[in-house]
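Student: The structure follows.
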Amino acid sequence: MMIESGPTSWECWDFTPNPLHGIDMQHLRLLLKDVWYLTRPYFVSEDRKWAWGLLAAVLVLTFSMVGLDLLQSFSRNVYYTALQQHDATTFLRGLFWYVHNDEGFVLGFFVITIPAVMCSIYATYLQQLLGLRWRRWLTARMTRQWMENQTFFRIAITTSGMEAGTDNPDQRIQEDLNSFVTDTLTQFINLITNIVTLFSYIGLLWALSGPLEVMGISIPGYFFWAALIYSVVATWVTHLAGRRLAGLQFFQQRAEADFRYSLVHVRNNAEGIALYRGEGEEQAGLDRSFSVVYHNFLSIMRRTKWLGLLTTGLEVVSGNFALLIGSIRYFAGKMSFGTLMQLVMAFSRVQGALSWLSTSYASLTTWHAEVARLATFQRVMDRARAMRDEVKVLPAPAGADMVADGLDVFRPDGTPLLRGVNLTLPHGQMTVVTGPSGTGKSTLFRVLAGIWPFATGSITMPDAPMMFIPQRPYVPTGTLHRAVTYPEGVDAYPAADVARALRQVGLEALVPRMENEEPWGQILSPGELQRLAFARILLARPGWVFLDESTSSLDAASESALYTLLRQDCPGMTVVSITHRQSVVDMHAGRIDLTPFAVAAPDGAAVSADALPQA
């Protein structure tokens, strides 16, 4: 019934900015676990042949680029040495054709460049294609999981947006998912490229550098040891400067999403804000929301500034450092200028591969945050989808009564709301459910609708179509035609029937605009929205209709007219209503008072979850 309250991915990551907090082995293990958790499903899915095929092609092209780059280092050796010796013929052949010398056959630089460029172009294209297919599959999977079994609703009522990574699901699915796919492929390919580069150039670096005599001690392959020491120092210094970026990047994404939500909230509630003259308070709220964005990004800028100074400085220094230590043997006449330049390039490649972590620190922290947020959201969805309703549903024929037996209803935190509910809703009769505000009437309807998992007991459920109408009906985007036929498609009913239903509920003035795409949720008044909901009932003609204050925005005459319309146009329909109006109570044949079943709060007032999102 309840969601387990174990540690979330966010809690495990502990992104709270802390000067003592970095990417240690525990966090690296959790990062890899989350990456595997998000990645594995695609590579074992029905699209796995494309996934593995494209990945293999990208890796082959990447290995080819490293090999061609290694070959180009020998071409550079040839034409740099030719420059030193003023040998124009060898210089041009080393650039554009090939050279056969004492060291063997060496292809010209541009002969190697052409296939290298083609490999680079197609590696990028195939990597993008893999990312696009992966994103398409992940988006379809995640949106399907989010929508199935009212997962979106269960997340809303169990986390209330307070659990990190569950806020702004639209951003998780659209932005974080896209960034995760792109950055995961990029980081993986970069890692593989640097590993291959490292092992490809280590031998060359060792062989070309030769030994170095220092105080009578011979140091073999000294260039390799210099590259290793330089990279370790650079990585450690970069880690010290940039380890807080992960937490800052994580928080920045949430702050940006919250600010965007605040703007959308103002747009969706423009009329209410205008009527209350609440512009000042809303502006203050927007200022506070953006202030969080501003100050956190300022912290990111400061941290990135120092990180950039270090990484850029280390990158600039590395080339001159290689020249400096290589010049020892060059000035001693133990190597040619071409060999020196080849050695400097090999040093650069090995040092770059060893320093990949330090040079990619900023992008890795961003990816780190994306993975954690998306993995947290996926786990929350998995938990919500794994929730099992503990209410036992007993099937009954279409003409049977609906009976609740021993029904206990709880709030999401586990505290009781209703106890021992035993009631019968007679088939074919109009029944009203009453009780003081906060008793739990709307939550009971959610239990009957099967979307409230926090309940126990049993319900005998007739096998008949049912429709639940909240106080403020939902209106999808698109045409008014689509809004009236929702949740069915526009082709479910003839246009003439849709127009007739609109006229029956008093919305005849909107019939000419039925095919117009307009923001109907904002255009229609609360009373018109409730009339639209009755038009849906007339079209769908379900066996059972549950109305939760569904005429609260209408005057008494209009309210009476709509209930009369249901009785006359749908005579066999079972209607169950929630209301506080005596006029509506009088229109029903039966009445059920929930007051005896309500669990009172300590002050004597019943507290309900009615304020939770409408079903």
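Lettering and numbering for the structure tokens are positional, with chains as A, B, ... in the shown order, residues counted from 1 in each chain, and ligands counted from 1 in the shown order.
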Would you mind listing what lies within 10 Å of Leu55 (chain A) as number ranges by chain, with only C-alpha atoms counted and same-chain residues fewer than 3 positions away left out?
Tutor: A: 49-52, 58-61, 123, 126-127, 129-131, 185, 189
Student: Considering only C-alpha atoms, return as an MDAnalysis selection string whatever protein or nucleic-acid residues lie within 10 Å of Arg482 (chain A), sequence-local ones (same chain, fewer than 4 positions apart) excluded.
Tutor: chainID A and resid 475:478 486:492 498 514:517
Student: DSSP says strand (DSSP E or B) for which residues of region 285-409 of chain A? Put them as an NGL selection string?
Tutor: :A and (390-396 or 402-409)
Student: With only C-alpha atoms as the counted atoms, please give the residues lying no more than 10 Å from Ser360 (chain A), apart from itself and same-chain residues fewer than 5 positions off, as a PDB file with all heavy atoms, in the first residue's frame.
Tutor:
ATOM      1  N   GLN A 187      31.063  10.762 -23.202  1.00  0.00           N
ATOM      2  CA  GLN A 187      32.029  10.394 -22.166  1.00  0.00           C
ATOM      3  C   GLN A 187      32.578   8.983 -22.396  1.00  0.00           C
ATOM      4  O   GLN A 187      33.775   8.738 -22.199  1.00  0.00           O
ATOM      5  CB  GLN A 187      31.386  10.493 -20.778  1.00  0.00           C
ATOM      6  CG  GLN A 187      30.883  11.876 -20.393  1.00  0.00           C
ATOM      7  CD  GLN A 187      31.973  12.930 -20.351  1.00  0.00           C
ATOM      8  OE1 GLN A 187      33.164  12.620 -20.341  1.00  0.00           O
ATOM      9  NE2 GLN A 187      31.572  14.190 -20.348  1.00  0.00           N
ATOM     10  N   ASN A 190      34.960   9.101 -25.399  1.00  0.00           N
ATOM     11  CA  ASN A 190      36.182   9.799 -24.999  1.00  0.00           C
ATOM     12  C   ASN A 190      37.058   8.920 -24.108  1.00  0.00           C
ATOM     13  O   ASN A 190      38.289   8.903 -24.254  1.00  0.00           O
ATOM     14  CB  ASN A 190      35.837  11.088 -24.256  1.00  0.00           C
ATOM     15  CG  ASN A 190      35.339  12.182 -25.173  1.00  0.00           C
ATOM     16  OD1 ASN A 190      35.491  12.086 -26.397  1.00  0.00           O
ATOM     17  ND2 ASN A 190      34.750  13.212 -24.622  1.00  0.00           N
ATOM     18  N   THR A 238      43.328  19.553 -10.255  1.00  0.00           N
ATOM     19  CA  THR A 238      42.023  19.838 -10.849  1.00  0.00           C
ATOM     20  C   THR A 238      40.895  19.299  -9.978  1.00  0.00           C
ATOM     21  O   THR A 238      39.858  19.936  -9.811  1.00  0.00           O
ATOM     22  CB  THR A 238      41.931  19.206 -12.254  1.00  0.00           C
ATOM     23  OG1 THR A 238      43.004  19.701 -13.052  1.00  0.00           O
ATOM     24  CG2 THR A 238      40.612  19.563 -12.919  1.00  0.00           C
ATOM     25  N   THR A 311      43.037  24.136 -15.828  1.00  0.00           N
ATOM     26  CA  THR A 311      43.077  23.213 -16.962  1.00  0.00           C
ATOM     27  C   THR A 311      43.713  23.860 -18.190  1.00  0.00           C
ATOM     28  O   THR A 311      44.514  23.241 -18.888  1.00  0.00           O
ATOM     29  CB  THR A 311      41.660  22.732 -17.303  1.00  0.00           C
ATOM     30  OG1 THR A 311      40.809  23.867 -17.520  1.00  0.00           O
ATOM     31  CG2 THR A 311      41.093  21.890 -16.189  1.00  0.00           C
ATOM     32  N   SER A 355      45.492  12.626 -18.493  1.00  0.00           N
ATOM     33  CA  SER A 355      44.848  13.778 -17.841  1.00  0.00           C
ATOM     34  C   SER A 355      43.396  13.954 -18.272  1.00  0.00           C
ATOM     35  O   SER A 355      42.823  15.015 -18.056  1.00  0.00           O
ATOM     36  CB  SER A 355      45.642  15.054 -18.158  1.00  0.00           C
ATOM     37  OG  SER A 355      46.973  14.954 -17.738  1.00  0.00           O
ATOM     38  N   THR A 365      31.187  16.597 -14.246  1.00  0.00           N
ATOM     39  CA  THR A 365      30.315  16.948 -13.130  1.00  0.00           C
ATOM     40  C   THR A 365      28.891  17.224 -13.607  1.00  0.00           C
ATOM     41  O   THR A 365      27.924  16.876 -12.929  1.00  0.00           O
ATOM     42  CB  THR A 365      30.855  18.183 -12.389  1.00  0.00           C
ATOM     43  OG1 THR A 365      31.042  19.267 -13.306  1.00  0.00           O
ATOM     44  CG2 THR A 365      32.168  17.873 -11.694  1.00  0.00           C
TER      45      THR A 365
END
Student: I need the residues of region 280-519 of chain A that end up classed as alpha helix (DSSP H) by DSSP on the backbone, written out as a PyMOL selection string.
Tutor: chain A and resi 280-331+337-354+356-359+361-386+441-449+480-485+495-504
Student: Check the smallest atom-to-atom distance from each of A:Arg303, A:Met345, A:Ile325, A:Leu205 to Ser75 (chain A) using only C-alpha atoms, then report the winner.
Tutor: A:Met345
Student: May I ask which of the residues A:Val232, A:Ile592, A:Val391, A:Tyr493 is the closest one to Thr460 (chain A), counting only C-alpha atoms?
Tutor: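 Closest to Thr460 (chain A), using only C-alpha atoms: A:Val391.
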Student: List the spatial neighbours of Gly203 (chain A) as a ChimeraX atom specification - criterion: any atom at most 12 Å away, only C-alpha atoms, same-chain residues fewer than 2 positions off excluded.
Tutor: /A:70,197-201,205-210,221,223-224,343,346-347,350
Student: Under the rule that only C-alpha atoms are counted, which of A:Phe105, A:Trp225, A:Phe337, A:Tyr474 is the nearest residue to Ala82 (chain A)?
Tutor: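 Of the candidates, the smallest distance to Ala82 (chain A) is held by A:Phe337.
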Student: Identify which of the residues A:Ile121, A:Gly247, A:Gly590, A:Asn168 lies closest to Ala372 (chain A), counting only C-alpha atoms when measuring atom-to-atom distances.
Tutor: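 Using only C-alpha atoms, Ala372 (chain A) sits closest to A:Gly247.
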Student: Would you pick out the contacts of His588 (chain A) at 12 Å or less, using only C-alpha atoms, so that residues sharing its chain but fewer than 6 positions from it are not included, and give the list as a PyMOL selection string?
Tutor: chain A and resi 426+428-434+560+563-564+567+574-579+581-582
Student: Could you turn the residues from that selection into a file that holds N, CA, C and O atoms, as an mmCIF file, in the first residue's frame?
Tutor:
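Result saved to again_12.cif:
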data_model
loop_
_atom_site.group_PDB
_atom_site.id
_atom_site.type_symbol
_atom_site.label_atom_id
_atom_site.label_comp_id
_atom_site.auth_asym_id
_atom_site.auth_seq_id
_atom_site.Cartn_x
_atom_site.Cartn_y
_atom_site.Cartn_z
ATOM 1 N N PRO A 426 -26.626 1.827 -4.788
ATOM 2 C CA PRO A 426 -27.575 1.033 -5.581
ATOM 3 C C PRO A 426 -27.459 1.325 -7.077
ATOM 4 O O PRO A 426 -27.303 2.483 -7.489
ATOM 5 N N GLY A 428 -28.564 2.092 -10.743
ATOM 6 C CA GLY A 428 -29.676 2.795 -11.360
ATOM 7 C C GLY A 428 -30.260 3.903 -10.520
ATOM 8 O O GLY A 428 -31.255 4.520 -10.921
ATOM 9 N N GLN A 429 -29.692 4.188 -9.378
ATOM 10 C CA GLN A 429 -30.241 5.202 -8.480
ATOM 11 C C GLN A 429 -29.294 6.392 -8.392
ATOM 12 O O GLN A 429 -28.087 6.263 -8.568
ATOM 13 N N MET A 430 -29.832 7.556 -8.102
ATOM 14 C CA MET A 430 -29.031 8.744 -7.859
ATOM 15 C C MET A 430 -28.775 8.845 -6.361
ATOM 16 O O MET A 430 -29.700 8.966 -5.560
ATOM 17 N N THR A 431 -27.482 8.754 -5.986
ATOM 18 C CA THR A 431 -27.086 8.751 -4.580
ATOM 19 C C THR A 431 -26.125 9.898 -4.331
ATOM 20 O O THR A 431 -25.218 10.152 -5.123
ATOM 21 N N VAL A 432 -26.293 10.574 -3.202
ATOM 22 C CA VAL A 432 -25.413 11.676 -2.855
ATOM 23 C C VAL A 432 -24.588 11.296 -1.631
ATOM 24 O O VAL A 432 -25.088 10.643 -0.709
ATOM 25 N N VAL A 433 -23.301 11.659 -1.656
ATOM 26 C CA VAL A 433 -22.383 11.411 -0.550
ATOM 27 C C VAL A 433 -22.103 12.752 0.111
ATOM 28 O O VAL A 433 -21.650 13.699 -0.538
ATOM 29 N N THR A 434 -22.359 12.853 1.397
ATOM 30 C CA THR A 434 -22.212 14.116 2.104
ATOM 31 C C THR A 434 -21.288 13.960 3.298
ATOM 32 O O THR A 434 -20.891 12.853 3.671
ATOM 33 N N SER A 560 -29.810 22.359 -11.633
ATOM 34 C CA SER A 560 -31.004 21.527 -11.699
ATOM 35 C C SER A 560 -31.261 21.046 -13.120
ATOM 36 O O SER A 560 -31.627 19.885 -13.335
ATOM 37 N N TYR A 563 -28.808 18.116 -14.002
ATOM 38 C CA TYR A 563 -29.184 16.845 -13.370
ATOM 39 C C TYR A 563 -30.457 16.277 -14.002
ATOM 40 O O TYR A 563 -30.593 15.059 -14.199
ATOM 41 N N THR A 564 -31.378 17.163 -14.325
ATOM 42 C CA THR A 564 -32.612 16.717 -14.998
ATOM 43 C C THR A 564 -32.285 16.130 -16.357
ATOM 44 O O THR A 564 -32.883 15.120 -16.784
ATOM 45 N N ARG A 567 -31.084 12.573 -15.989
ATOM 46 C CA ARG A 567 -32.186 11.639 -15.714
ATOM 47 C C ARG A 567 -33.001 11.352 -16.967
ATOM 48 O O ARG A 567 -33.414 10.209 -17.206
ATOM 49 N N THR A 574 -26.407 5.213 -13.362
ATOM 50 C CA THR A 574 -26.260 5.368 -11.921
ATOM 51 C C THR A 574 -25.422 6.610 -11.657
ATOM 52 O O THR A 574 -24.301 6.733 -12.150
ATOM 53 N N VAL A 575 -25.938 7.537 -10.867
ATOM 54 C CA VAL A 575 -25.260 8.802 -10.586
ATOM 55 C C VAL A 575 -24.943 8.871 -9.100
ATOM 56 O O VAL A 575 -25.828 8.688 -8.256
ATOM 57 N N VAL A 576 -23.680 9.119 -8.788
ATOM 58 C CA VAL A 576 -23.232 9.298 -7.409
ATOM 59 C C VAL A 576 -22.581 10.674 -7.320
ATOM 60 O O VAL A 576 -21.651 10.976 -8.076
ATOM 61 N N SER A 577 -23.052 11.516 -6.411
ATOM 62 C CA SER A 577 -22.578 12.897 -6.323
ATOM 63 C C SER A 577 -22.001 13.207 -4.961
ATOM 64 O O SER A 577 -22.446 12.677 -3.937
ATOM 65 N N ILE A 578 -21.015 14.108 -4.967
ATOM 66 C CA ILE A 578 -20.526 14.753 -3.753
ATOM 67 C C ILE A 578 -20.974 16.206 -3.818
ATOM 68 O O ILE A 578 -20.800 16.870 -4.841
ATOM 69 N N THR A 579 -21.532 16.703 -2.751
ATOM 70 C CA THR A 579 -21.996 18.087 -2.758
ATOM 71 C C THR A 579 -22.126 18.610 -1.342
ATOM 72 O O THR A 579 -22.195 17.843 -0.375
ATOM 73 N N ARG A 581 -24.395 21.319 -1.258
ATOM 74 C CA ARG A 581 -25.618 22.087 -1.481
ATOM 75 C C ARG A 581 -26.858 21.232 -1.192
ATOM 76 O O ARG A 581 -26.971 20.109 -1.707
ATOM 77 N N GLN A 582 -27.752 21.786 -0.426
ATOM 78 C CA GLN A 582 -28.981 21.067 -0.113
ATOM 79 C C GLN A 582 -29.828 20.880 -1.356
ATOM 80 O O GLN A 582 -30.528 19.864 -1.498
#
Student: With only C-alpha atoms as the basis for distance, which of A:Thr312, A:Thr182, A:Ser550, A:Gln26 is at the shortest distance from Ser442 (chain A)?
Tutor: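 Residue with the minimum atom-to-atom distance to Ser442 (chain A): A:Ser550.
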Student: When distances are computed from only C-alpha atoms, which of A:Asp593, A:Asp401, A:Glu528, A:Asp34 shows the smallest separation from Ser437 (chain A)?
Tutor: A:Asp593
Student: Set the distance at 9 Å and use only C-alpha atoms: which residues neighbour Gln530 (chain A) once local chain neighbours fewer than 3 positions away are removed? I'd like the list as JSON, numbers by chain.
Tutor: {"A": [469, 471, 472, 473, 525, 526, 527, 533, 534, 535, 550, 551, 552, 553, 554]}
Student: Please produce a file of those selected residues containing C-alpha atoms, as an mmCIF file, in the first residue's frame.
Tutor:
data_model
loop_
_atom_site.group_PDB
_atom_site.id
_atom_site.type_symbol
_atom_site.label_atom_id
_atom_site.label_comp_id
_atom_site.auth_asym_id
_atom_site.auth_seq_id
_atom_site.Cartn_x
_atom_site.Cartn_y
_atom_site.Cartn_z
ATOM 1 C CA ILE A 469 -15.810 13.969 -12.964
ATOM 2 C CA GLN A 471 -14.715 19.709 -9.655
ATOM 3 C CA ARG A 472 -12.561 21.331 -12.325
ATOM 4 C CA PRO A 473 -12.564 19.145 -15.437
ATOM 5 C CA SER A 525 -15.106 29.872 -17.324
ATOM 6 C CA PRO A 526 -15.342 27.361 -14.429
ATOM 7 C CA GLY A 527 -19.083 27.052 -15.075
ATOM 8 C CA ALA A 533 -17.946 17.765 -18.522
ATOM 9 C CA PHE A 534 -21.679 17.008 -18.715
ATOM 10 C CA ALA A 535 -21.417 17.049 -22.522
ATOM 11 C CA SER A 550 -19.209 18.978 -10.524
ATOM 12 C CA THR A 551 -21.808 21.766 -10.559
ATOM 13 C CA SER A 552 -20.317 23.978 -7.846
ATOM 14 C CA SER A 553 -19.631 26.837 -10.296
ATOM 15 C CA LEU A 554 -23.192 26.892 -11.676
#
Student: Report as a list in words all protein, DNA and RNA residues lying within 10 Å of Thr62 (chain A), evaluated on only C-alpha atoms, omitting residues in the same chain fewer than 6 positions from it.
Tutor: Ala56, Leu68, Ala116, Cys119, Ser120, Tyr122, Ala123, Thr124, Ile189, Asn190, Ile192, Thr193 and Val196 of chain A
Student: What is the CA of Asp408 (chain A)-CA of Thr424 (chain A) distance in Å, reported with one decimal?
Tutor: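 Separation between CA of Asp408 (chain A) and CA of Thr424 (chain A): 15.3 Å.
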Student: Between CA of Tyr98 (chain A) and CA of Val111 (chain A), what is the distance in Å, rounded to a tenth?
Tutor: 8.2 Å
